[in-house]
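Read through the structure below, which is laid out as structure tokens, and then see the notes.
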Amino acid sequence: MDGSLFVLLLLSGLFWSSSALSRPYHYINTAMSWPEAQSYCRERFTDLATVDSMDDVNRLVNIVDAGYSGSVWIGLKWGTQNRWSWSNGENTTSQYYNWDSGQPSGDGYCATTYGGVWHDGSCDWNTYFLCYGNSGYILVQSTKAWSDAQSYCRQHYTDLATIHNSSENNQINNILLSGHYVWIGLFKDSWQWSDQWNLTFRHWVQVHSSMSSGTANCAGMSRSNSGRWSQYSCDVKQPFICYGDDKRKQIVRLKVTCKGKCALNDPSLQTAILNEINEKLKNMMLESDSKISWRKGKDGEVFHQENNHMVNLDNKCNRHL
């Protein structure tokens with residue numbers, strides 16, 4: 001490329017965004033402790049993976065290397081406060097409760113309904129349970145532990161029942177069988193997301209085991225067993241999953257001036273410009289694995305001509321692109 005063409009790079013800043021509705025996930029196949037993985041994700045992306053639904057769980061399972069059968073870190077860590085939460089992860093800041101007198105009594109971490117009022121109990125109990133789906137509430141007359149009941153509801157319907165108000169509670173009471181405790185979707189939770197996300201979707205192997213901290217204060221997801229979660233010591237080194245767009249991506253605006261006639265949307269000329277930029281980056285000792293490419297406009301073109309003209313004293317016209 002001759003000296004008649006020069007390139008001015010103007011950094012327009014980092015371009016990245018995250019959406020709780022469609023988080024981009026990234027599997028990092030490097031073994032790190034949970035704090036190391038958190039730092040890595042926050043530096044390069046947004047944070048360790050936050051999960052809101054079974055759709056998210058399935059996405060995580062699918063991006064882990066097929067040949068890997070161990071666990072991977074996600075962004076869940078033991079918190080400092082206990083709260084009763086719904087299985088489907090709904091926000092519980094303005095929550096309806098209908099505990100019986102003296103309840104919750106501390107007998108367990110999962111909730112049943114009996115005669116229209118709620119009781120806490122051991123999550124290992126085997127009893128009937130209540131799901132919900134498109135057709136409303138469904139009483140399943142098969143005895144299961146809370147976690148197994150949750151899996152059944154998620155597989156066949158939507159989730160274990162969530163109850164928002166007294167009207168829904170009365171509706172449920174009309175389909176319950178007298179003399180039976182029935183699981184609902186309420187459980188006691190002490191975990192929090194690394195990014196402080198407040199929804200409480202959980203996918204534990206066993207709910208009751210997730211209520212004891214000890215030294216196992218960080219959560220990992222297994223690629224097998226439907227992507228269920230277990231507790232691990234935060235010092236364990238294993239791969240992990242981040243979410244968010246890559247912060248290292250940058251949109252760079254180019255302003256090109258040329259003397260004479262320049263076909264700047266000629267692919268061969270654009271390739272030559274990229275090659276020159278790459279050489280400049282190497283000379284500046286920037287990362288050798290940096291990848292750059294053109295960003296096309298809606299019309300499919302990279303460069304667009306400016307409308308202003310500048311007239312030199314020698315009456316020659318320079319057109320700025």
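Here's how to read the names in the structure tokens: chain A, B, ... by the order shown, residue numbers from 1 in each chain, ligand numbers from 1 in the order shown.
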Contacts of Gln38 of chain A at 10 Å or less, counting only C-alpha atoms, minus same-chain residues fewer than 4 places along, as a PyMOL selection string? chain A and resi 32-34+42-43+46-49+73-75+194-195+240-242
Have a look at atom CA of Tyr181 of chain A and atom CA of Ser167 of chain A and let me know their distance in Å, one decimal.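 Separation of atom CA of Tyr181 of chain A and atom CA of Ser167 of chain A: 19.7 Å.
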What are the DSSP strand (DSSP E) residues of segment 151-232 of chain A, as an MDAnalysis selection string? chainID A and resid 159:160 182:193 218:222 229:232
Requested write-out: N, CA, C and O atoms of the selected residues, as a PDB file, in the first residue's frame:
ATOM      1  N   ASP A 159     -43.719 -26.590  36.695  1.00  0.00           N
ATOM      2  CA  ASP A 159     -42.921 -26.665  37.923  1.00  0.00           C
ATOM      3  C   ASP A 159     -43.856 -27.044  39.064  1.00  0.00           C
ATOM      4  O   ASP A 159     -45.076 -27.202  38.866  1.00  0.00           O
ATOM      5  N   LEU A 160     -43.274 -27.195  40.250  1.00  0.00           N
ATOM      6  CA  LEU A 160     -44.106 -27.332  41.439  1.00  0.00           C
ATOM      7  C   LEU A 160     -44.937 -26.073  41.628  1.00  0.00           C
ATOM      8  O   LEU A 160     -44.549 -24.984  41.205  1.00  0.00           O
ATOM      9  N   VAL A 182     -49.236 -32.313  51.001  1.00  0.00           N
ATOM     10  CA  VAL A 182     -48.926 -32.231  49.569  1.00  0.00           C
ATOM     11  C   VAL A 182     -47.821 -31.198  49.356  1.00  0.00           C
ATOM     12  O   VAL A 182     -47.930 -30.049  49.838  1.00  0.00           O
ATOM     13  N   TRP A 183     -46.767 -31.613  48.659  1.00  0.00           N
ATOM     14  CA  TRP A 183     -45.675 -30.672  48.366  1.00  0.00           C
ATOM     15  C   TRP A 183     -46.151 -29.520  47.489  1.00  0.00           C
ATOM     16  O   TRP A 183     -46.892 -29.718  46.528  1.00  0.00           O
ATOM     17  N   ILE A 184     -45.709 -28.325  47.812  1.00  0.00           N
ATOM     18  CA  ILE A 184     -45.825 -27.172  46.920  1.00  0.00           C
ATOM     19  C   ILE A 184     -44.407 -26.697  46.599  1.00  0.00           C
ATOM     20  O   ILE A 184     -43.428 -27.281  47.071  1.00  0.00           O
ATOM     21  N   GLY A 185     -44.271 -25.651  45.800  1.00  0.00           N
ATOM     22  CA  GLY A 185     -42.954 -25.256  45.303  1.00  0.00           C
ATOM     23  C   GLY A 185     -42.135 -24.382  46.223  1.00  0.00           C
ATOM     24  O   GLY A 185     -41.135 -23.807  45.789  1.00  0.00           O
ATOM     25  N   LEU A 186     -42.526 -24.274  47.489  1.00  0.00           N
ATOM     26  CA  LEU A 186     -41.824 -23.388  48.414  1.00  0.00           C
ATOM     27  C   LEU A 186     -40.684 -24.139  49.112  1.00  0.00           C
ATOM     28  O   LEU A 186     -40.879 -25.256  49.610  1.00  0.00           O
ATOM     29  N   PHE A 187     -39.506 -23.530  49.149  1.00  0.00           N
ATOM     30  CA  PHE A 187     -38.357 -24.143  49.818  1.00  0.00           C
ATOM     31  C   PHE A 187     -37.499 -23.052  50.446  1.00  0.00           C
ATOM     32  O   PHE A 187     -37.542 -21.890  50.041  1.00  0.00           O
ATOM     33  N   LYS A 188     -36.708 -23.444  51.424  1.00  0.00           N
ATOM     34  CA  LYS A 188     -35.846 -22.507  52.138  1.00  0.00           C
ATOM     35  C   LYS A 188     -34.507 -22.424  51.424  1.00  0.00           C
ATOM     36  O   LYS A 188     -33.887 -23.448  51.121  1.00  0.00           O
ATOM     37  N   ASP A 189     -34.035 -21.194  51.180  1.00  0.00           N
ATOM     38  CA  ASP A 189     -32.857 -20.996  50.336  1.00  0.00           C
ATOM     39  C   ASP A 189     -31.869 -20.046  50.998  1.00  0.00           C
ATOM     40  O   ASP A 189     -32.265 -19.037  51.579  1.00  0.00           O
ATOM     41  N   SER A 190     -30.585 -20.379  50.923  1.00  0.00           N
ATOM     42  CA  SER A 190     -29.545 -19.525  51.505  1.00  0.00           C
ATOM     43  C   SER A 190     -28.461 -19.181  50.497  1.00  0.00           C
ATOM     44  O   SER A 190     -27.370 -18.766  50.886  1.00  0.00           O
ATOM     45  N   TRP A 191     -28.754 -19.336  49.225  1.00  0.00           N
ATOM     46  CA  TRP A 191     -27.739 -19.143  48.193  1.00  0.00           C
ATOM     47  C   TRP A 191     -28.005 -17.853  47.423  1.00  0.00           C
ATOM     48  O   TRP A 191     -29.144 -17.385  47.340  1.00  0.00           O
ATOM     49  N   GLN A 192     -26.950 -17.284  46.838  1.00  0.00           N
ATOM     50  CA  GLN A 192     -27.115 -16.061  46.060  1.00  0.00           C
ATOM     51  C   GLN A 192     -26.204 -16.097  44.836  1.00  0.00           C
ATOM     52  O   GLN A 192     -25.140 -16.729  44.837  1.00  0.00           O
ATOM     53  N   TRP A 193     -26.628 -15.386  43.798  1.00  0.00           N
ATOM     54  CA  TRP A 193     -25.864 -15.331  42.554  1.00  0.00           C
ATOM     55  C   TRP A 193     -24.723 -14.327  42.663  1.00  0.00           C
ATOM     56  O   TRP A 193     -24.852 -13.296  43.321  1.00  0.00           O
ATOM     57  N   CYS A 218     -19.687 -23.336  47.372  1.00  0.00           N
ATOM     58  CA  CYS A 218     -19.846 -22.922  45.980  1.00  0.00           C
ATOM     59  C   CYS A 218     -20.555 -24.019  45.184  1.00  0.00           C
ATOM     60  O   CYS A 218     -20.430 -25.202  45.502  1.00  0.00           O
ATOM     61  N   ALA A 219     -21.287 -23.610  44.153  1.00  0.00           N
ATOM     62  CA  ALA A 219     -22.113 -24.543  43.394  1.00  0.00           C
ATOM     63  C   ALA A 219     -21.502 -24.863  42.042  1.00  0.00           C
ATOM     64  O   ALA A 219     -21.014 -23.982  41.340  1.00  0.00           O
ATOM     65  N   GLY A 220     -21.550 -26.143  41.696  1.00  0.00           N
ATOM     66  CA  GLY A 220     -21.103 -26.602  40.387  1.00  0.00           C
ATOM     67  C   GLY A 220     -22.198 -27.394  39.706  1.00  0.00           C
ATOM     68  O   GLY A 220     -23.052 -28.008  40.364  1.00  0.00           O
ATOM     69  N   MET A 221     -22.193 -27.377  38.385  1.00  0.00           N
ATOM     70  CA  MET A 221     -23.183 -28.105  37.594  1.00  0.00           C
ATOM     71  C   MET A 221     -22.541 -29.320  36.956  1.00  0.00           C
ATOM     72  O   MET A 221     -21.462 -29.233  36.369  1.00  0.00           O
ATOM     73  N   SER A 222     -23.215 -30.456  37.070  1.00  0.00           N
ATOM     74  CA  SER A 222     -22.750 -31.668  36.405  1.00  0.00           C
ATOM     75  C   SER A 222     -23.327 -31.737  35.002  1.00  0.00           C
ATOM     76  O   SER A 222     -24.507 -31.439  34.792  1.00  0.00           O
ATOM     77  N   TRP A 229     -27.187 -29.527  40.128  1.00  0.00           N
ATOM     78  CA  TRP A 229     -26.140 -28.804  40.841  1.00  0.00           C
ATOM     79  C   TRP A 229     -25.798 -29.499  42.148  1.00  0.00           C
ATOM     80  O   TRP A 229     -26.651 -30.110  42.795  1.00  0.00           O
ATOM     81  N   SER A 230     -24.527 -29.363  42.548  1.00  0.00           N
ATOM     82  CA  SER A 230     -24.058 -29.883  43.831  1.00  0.00           C
ATOM     83  C   SER A 230     -23.134 -28.857  44.465  1.00  0.00           C
ATOM     84  O   SER A 230     -22.661 -27.925  43.803  1.00  0.00           O
ATOM     85  N   GLN A 231     -22.868 -29.058  45.761  1.00  0.00           N
ATOM     86  CA  GLN A 231     -21.969 -28.171  46.493  1.00  0.00           C
ATOM     87  C   GLN A 231     -20.540 -28.689  46.442  1.00  0.00           C
ATOM     88  O   GLN A 231     -20.297 -29.893  46.492  1.00  0.00           O
ATOM     89  N   TYR A 232     -19.584 -27.752  46.356  1.00  0.00           N
ATOM     90  CA  TYR A 232     -18.170 -28.096  46.352  1.00  0.00           C
ATOM     91  C   TYR A 232     -17.415 -27.054  47.163  1.00  0.00           C
ATOM     92  O   TYR A 232     -17.860 -25.914  47.333  1.00  0.00           O
TER      93      TYR A 232
END
What are the closest atom pairs, with distances in Å to one decimal, for all residues of segment 51-86 of chain A lying within 12 Å of segment 92-111 of chain A? Consider only C-alpha atoms, order rows by chain and residue number, and present the result as a Markdown table.
| residue | atom | partner | partner_atom | distance |
| --- | --- | --- | --- | --- |
| A:Asn82 | CA | A:Tyr109 | CA | 10.3 |
| A:Arg83 | CA | A:Thr92 | CA | 8.9 |
| A:Trp84 | CA | A:Thr92 | CA | 8.1 |
| A:Ser85 | CA | A:Thr92 | CA | 6.4 |
| A:Trp86 | CA | A:Thr92 | CA | 7.6 |
Give me a file of those residues, with N, CA, C and O atoms, as a short mmCIF file (atom, residue, chain, number, x, y, z; two decimals), in the first residue's frame.
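Produced file result24.cif, reproduced below:
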data_model
loop_
_atom_site.label_atom_id
_atom_site.label_comp_id
_atom_site.auth_asym_id
_atom_site.auth_seq_id
_atom_site.Cartn_x
_atom_site.Cartn_y
_atom_site.Cartn_z
N ASN A 82 -31.25 -16.54 55.04
CA ASN A 82 -32.20 -17.57 54.63
C ASN A 82 -33.50 -16.90 54.19
O ASN A 82 -33.93 -15.91 54.77
N ARG A 83 -34.13 -17.46 53.17
CA ARG A 83 -35.44 -16.96 52.76
C ARG A 83 -36.22 -18.09 52.12
O ARG A 83 -35.65 -19.00 51.52
N TRP A 84 -37.53 -18.02 52.25
CA TRP A 84 -38.40 -19.00 51.59
C TRP A 84 -38.65 -18.53 50.16
O TRP A 84 -39.03 -17.39 49.93
N SER A 85 -38.41 -19.42 49.21
CA SER A 85 -38.45 -19.06 47.79
C SER A 85 -39.27 -20.08 47.01
O SER A 85 -39.45 -21.23 47.45
N TRP A 86 -39.73 -19.67 45.84
CA TRP A 86 -40.50 -20.57 44.99
C TRP A 86 -39.61 -21.28 43.98
O TRP A 86 -38.65 -20.71 43.48
#
Within 10 Å of segment 147-155 of chain A: each segment 53-138 of chain A residue with its shortest pair, only C-alpha atoms, as JSON lines:
{"residue": "A:Ser53", "atom": "CA", "partner": "A:Arg154", "partner_atom": "CA", "distance": 10.0}
{"residue": "A:Met54", "atom": "CA", "partner": "A:Arg154", "partner_atom": "CA", "distance": 8.0}
{"residue": "A:Ser87", "atom": "CA", "partner": "A:Gln150", "partner_atom": "CA", "distance": 7.8}
{"residue": "A:Asn88", "atom": "CA", "partner": "A:Arg154", "partner_atom": "CA", "distance": 9.3}
{"residue": "A:Cys110", "atom": "CA", "partner": "A:Ser147", "partner_atom": "CA", "distance": 9.4}
{"residue": "A:Cys123", "atom": "CA", "partner": "A:Ser147", "partner_atom": "CA", "distance": 7.4}
{"residue": "A:Asp124", "atom": "CA", "partner": "A:Ser147", "partner_atom": "CA", "distance": 8.2}
{"residue": "A:Asn126", "atom": "CA", "partner": "A:Ala149", "partner_atom": "CA", "distance": 9.1}
{"residue": "A:Thr127", "atom": "CA", "partner": "A:Ala149", "partner_atom": "CA", "distance": 8.9}
{"residue": "A:Tyr128", "atom": "CA", "partner": "A:Ala149", "partner_atom": "CA", "distance": 8.3}
{"residue": "A:Phe129", "atom": "CA", "partner": "A:Ala149", "partner_atom": "CA", "distance": 6.5}
{"residue": "A:Leu130", "atom": "CA", "partner": "A:Cys153", "partner_atom": "CA", "distance": 8.1}
{"residue": "A:Cys131", "atom": "CA", "partner": "A:Cys153", "partner_atom": "CA", "distance": 5.4}
{"residue": "A:Tyr132", "atom": "CA", "partner": "A:Cys153", "partner_atom": "CA", "distance": 7.4}
{"residue": "A:Gly133", "atom": "CA", "partner": "A:Cys153", "partner_atom": "CA", "distance": 8.6}
{"residue": "A:Ile138", "atom": "CA", "partner": "A:Cys153", "partner_atom": "CA", "distance": 9.3}
Output file for the residues above (all heavy atoms, as a tab-separated table (two decimals), in the first residue's frame):
chain	number	residue	atom	x	y	z
A	53	SER	N	-33.85	-20.77	34.45
A	53	SER	CA	-34.88	-21.72	34.01
A	53	SER	C	-34.24	-23.01	33.51
A	53	SER	O	-33.01	-23.08	33.34
A	53	SER	CB	-35.71	-21.10	32.87
A	53	SER	OG	-34.89	-20.93	31.72
A	54	MET	N	-35.08	-24.01	33.25
A	54	MET	CA	-34.57	-25.26	32.68
A	54	MET	C	-34.03	-25.03	31.28
A	54	MET	O	-33.13	-25.75	30.83
A	54	MET	CB	-35.67	-26.31	32.66
A	54	MET	CG	-35.92	-26.96	34.01
A	54	MET	SD	-34.42	-27.71	34.75
A	54	MET	CE	-33.96	-28.90	33.49
A	87	SER	N	-39.95	-22.52	43.69
A	87	SER	CA	-39.14	-23.37	42.83
A	87	SER	C	-38.93	-22.79	41.44
A	87	SER	O	-37.88	-22.97	40.84
A	87	SER	CB	-39.82	-24.75	42.70
A	87	SER	OG	-39.15	-25.57	41.78
A	88	ASN	N	-39.91	-22.07	40.92
A	88	ASN	CA	-39.78	-21.53	39.56
A	88	ASN	C	-38.94	-20.26	39.50
A	88	ASN	O	-38.75	-19.67	38.43
A	88	ASN	CB	-41.15	-21.28	38.92
A	88	ASN	CG	-41.93	-20.17	39.61
A	88	ASN	OD1	-41.48	-19.62	40.62
A	88	ASN	ND2	-43.10	-19.84	39.08
A	110	CYS	N	-38.48	-27.71	53.12
A	110	CYS	CA	-39.46	-27.75	52.02
A	110	CYS	C	-40.87	-27.64	52.61
A	110	CYS	O	-41.10	-28.04	53.75
A	110	CYS	CB	-39.31	-29.03	51.22
A	110	CYS	SG	-37.70	-29.20	50.39
A	123	CYS	N	-37.30	-32.48	53.39
A	123	CYS	CA	-37.43	-32.60	51.93
A	123	CYS	C	-37.36	-34.06	51.47
A	123	CYS	O	-37.67	-34.36	50.31
A	123	CYS	CB	-36.32	-31.81	51.23
A	123	CYS	SG	-36.30	-30.05	51.66
A	124	ASP	N	-36.97	-34.97	52.37
A	124	ASP	CA	-36.89	-36.40	52.03
A	124	ASP	C	-38.22	-37.12	52.19
A	124	ASP	O	-38.34	-38.29	51.80
A	124	ASP	CB	-35.85	-37.09	52.91
A	124	ASP	CG	-34.43	-36.66	52.56
A	124	ASP	OD1	-34.20	-36.31	51.39
A	124	ASP	OD2	-33.57	-36.68	53.45
A	126	ASN	N	-41.72	-38.65	51.48
A	126	ASN	CA	-42.39	-39.09	50.27
A	126	ASN	C	-43.88	-38.85	50.42
A	126	ASN	O	-44.54	-39.45	51.28
A	126	ASN	CB	-42.12	-40.58	50.00
A	126	ASN	CG	-40.71	-40.84	49.52
A	126	ASN	OD1	-40.37	-40.56	48.38
A	126	ASN	ND2	-39.86	-41.34	50.41
A	127	THR	N	-44.40	-37.93	49.62
A	127	THR	CA	-45.82	-37.59	49.72
A	127	THR	C	-46.33	-37.11	48.37
A	127	THR	O	-45.56	-36.98	47.41
A	127	THR	CB	-46.04	-36.52	50.80
A	127	THR	OG1	-47.44	-36.35	51.03
A	127	THR	CG2	-45.41	-35.19	50.41
A	128	TYR	N	-47.65	-36.88	48.28
A	128	TYR	CA	-48.23	-36.35	47.05
A	128	TYR	C	-47.67	-34.95	46.78
A	128	TYR	O	-47.10	-34.31	47.67
A	128	TYR	CB	-49.75	-36.25	47.17
A	128	TYR	CG	-50.48	-37.59	47.27
A	128	TYR	CD1	-51.85	-37.64	47.55
A	128	TYR	CD2	-49.82	-38.79	47.08
A	128	TYR	CE1	-52.54	-38.83	47.65
A	128	TYR	CE2	-50.50	-40.00	47.17
A	128	TYR	CZ	-51.85	-40.01	47.46
A	128	TYR	OH	-52.50	-41.20	47.55
A	129	PHE	N	-47.88	-34.46	45.57
A	129	PHE	CA	-47.36	-33.13	45.24
A	129	PHE	C	-48.24	-32.44	44.22
A	129	PHE	O	-49.06	-33.07	43.55
A	129	PHE	CB	-45.91	-33.21	44.75
A	129	PHE	CG	-45.68	-34.15	43.59
A	129	PHE	CD1	-45.62	-33.69	42.29
A	129	PHE	CD2	-45.50	-35.51	43.83
A	129	PHE	CE1	-45.39	-34.57	41.23
A	129	PHE	CE2	-45.26	-36.40	42.78
A	129	PHE	CZ	-45.21	-35.92	41.48
A	130	LEU	N	-48.05	-31.13	44.12
A	130	LEU	CA	-48.90	-30.29	43.29
A	130	LEU	C	-48.04	-29.59	42.23
A	130	LEU	O	-47.10	-28.86	42.55
A	130	LEU	CB	-49.60	-29.25	44.16
A	130	LEU	CG	-50.82	-28.53	43.60
A	130	LEU	CD1	-51.97	-29.51	43.41
A	130	LEU	CD2	-51.24	-27.43	44.56
A	131	CYS	N	-48.36	-29.83	40.97
A	131	CYS	CA	-47.68	-29.16	39.85
A	131	CYS	C	-48.58	-28.05	39.31
A	131	CYS	O	-49.77	-27.96	39.66
A	131	CYS	CB	-47.39	-30.15	38.72
A	131	CYS	SG	-46.44	-31.61	39.17
A	132	TYR	N	-48.01	-27.24	38.43
A	132	TYR	CA	-48.84	-26.32	37.66
A	132	TYR	C	-48.35	-26.31	36.21
A	132	TYR	O	-47.19	-26.59	35.92
A	132	TYR	CB	-48.84	-24.91	38.24
A	132	TYR	CG	-47.62	-24.08	37.92
A	132	TYR	CD1	-47.60	-23.23	36.81
A	132	TYR	CD2	-46.48	-24.14	38.72
A	132	TYR	CE1	-46.48	-22.46	36.52
A	132	TYR	CE2	-45.36	-23.36	38.43
A	132	TYR	CZ	-45.38	-22.53	37.33
A	132	TYR	OH	-44.26	-21.77	37.03
A	133	GLY	N	-49.29	-26.00	35.31
A	133	GLY	CA	-48.97	-25.94	33.89
A	133	GLY	C	-49.98	-25.08	33.17
A	133	GLY	O	-50.69	-24.28	33.80
A	138	ILE	N	-52.28	-29.19	39.10
A	138	ILE	CA	-52.46	-30.63	38.90
A	138	ILE	C	-51.99	-31.36	40.14
A	138	ILE	O	-50.82	-31.27	40.52
A	138	ILE	CB	-51.67	-31.14	37.67
A	138	ILE	CG1	-52.08	-30.38	36.41
A	138	ILE	CG2	-51.87	-32.64	37.48
A	138	ILE	CD1	-51.16	-29.24	36.05
What does the distance from atom CA of Asn275 of chain A to atom CA of Gln305 of chain A come to in Å, to one decimal? 22.2 Å
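Of the residues under consideration (A:Thr50, A:Ser71, A:Ser268, A:Thr80), A:Thr50 shows the shortest atom-to-atom contact distance to Tyr25 of chain A when counting only C-alpha atoms.
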Could you jot down the atom CA of Asp246 of chain A to atom CA of Tyr27 of chain A separation for me, Å, one decimal place?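 Taking atom CA of Asp246 of chain A and atom CA of Tyr27 of chain A, their separation equals 12.4 Å.
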Segment 92-204 of chain A: residues DSSP assigns to helix (DSSP H, G or I), reported as a VMD selection string: chain A and resid 146 to 156 166 to 173
Report as a PDB file with N, CA and C atoms, in the first residue's frame all protein, DNA and RNA residues lying within 8 Å of Arg228 of chain A, evaluated on only C-alpha atoms, omitting residues in the same chain fewer than 4 positions from it.
ATOM      1  N   HIS A 203     -31.569 -25.869  40.859  1.00  0.00           N
ATOM      2  CA  HIS A 203     -31.661 -27.192  40.222  1.00  0.00           C
ATOM      3  C   HIS A 203     -30.727 -28.176  40.942  1.00  0.00           C
ATOM      4  N   TRP A 204     -30.897 -28.260  42.270  1.00  0.00           N
ATOM      5  CA  TRP A 204     -30.030 -29.080  43.106  1.00  0.00           C
ATOM      6  C   TRP A 204     -30.266 -30.574  42.906  1.00  0.00           C
ATOM      7  N   VAL A 205     -29.222 -31.349  43.146  1.00  0.00           N
ATOM      8  CA  VAL A 205     -29.381 -32.806  43.211  1.00  0.00           C
ATOM      9  C   VAL A 205     -30.307 -33.141  44.374  1.00  0.00           C
ATOM     10  N   MET A 221     -22.193 -27.377  38.385  1.00  0.00           N
ATOM     11  CA  MET A 221     -23.183 -28.105  37.594  1.00  0.00           C
ATOM     12  C   MET A 221     -22.541 -29.320  36.956  1.00  0.00           C
ATOM     13  N   SER A 222     -23.215 -30.456  37.070  1.00  0.00           N
ATOM     14  CA  SER A 222     -22.750 -31.668  36.405  1.00  0.00           C
ATOM     15  C   SER A 222     -23.327 -31.737  35.002  1.00  0.00           C
ATOM     16  N   ARG A 223     -22.486 -32.119  34.026  1.00  0.00           N
ATOM     17  CA  ARG A 223     -22.990 -32.249  32.662  1.00  0.00           C
ATOM     18  C   ARG A 223     -23.981 -33.409  32.559  1.00  0.00           C
ATOM     19  N   SER A 224     -23.794 -34.416  33.408  1.00  0.00           N
ATOM     20  CA  SER A 224     -24.724 -35.545  33.447  1.00  0.00           C
ATOM     21  C   SER A 224     -25.839 -35.236  34.444  1.00  0.00           C
TER      22      SER A 224
END
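Of the listed residues (A:Leu199, A:Val302, A:Ile163, A:Val64), A:Ile163 comes nearest to Trp118 of chain A; the distances count only C-alpha atoms.
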Of the listed residues A:Ala37, A:Val61, A:Val256, A:Ile175, that which approaches Val140 of chain A most closely, counting only C-alpha atoms: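 Selected residue with least distance to Val140 of chain A: A:Ile175.
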Given only C-alpha atoms as the counted atoms, nearest of A:Trp78, A:Thr143, A:Gln238, A:Gly115 to Asn173 of chain A: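 Residue with the minimum atom-to-atom distance to Asn173 of chain A: A:Gly115.
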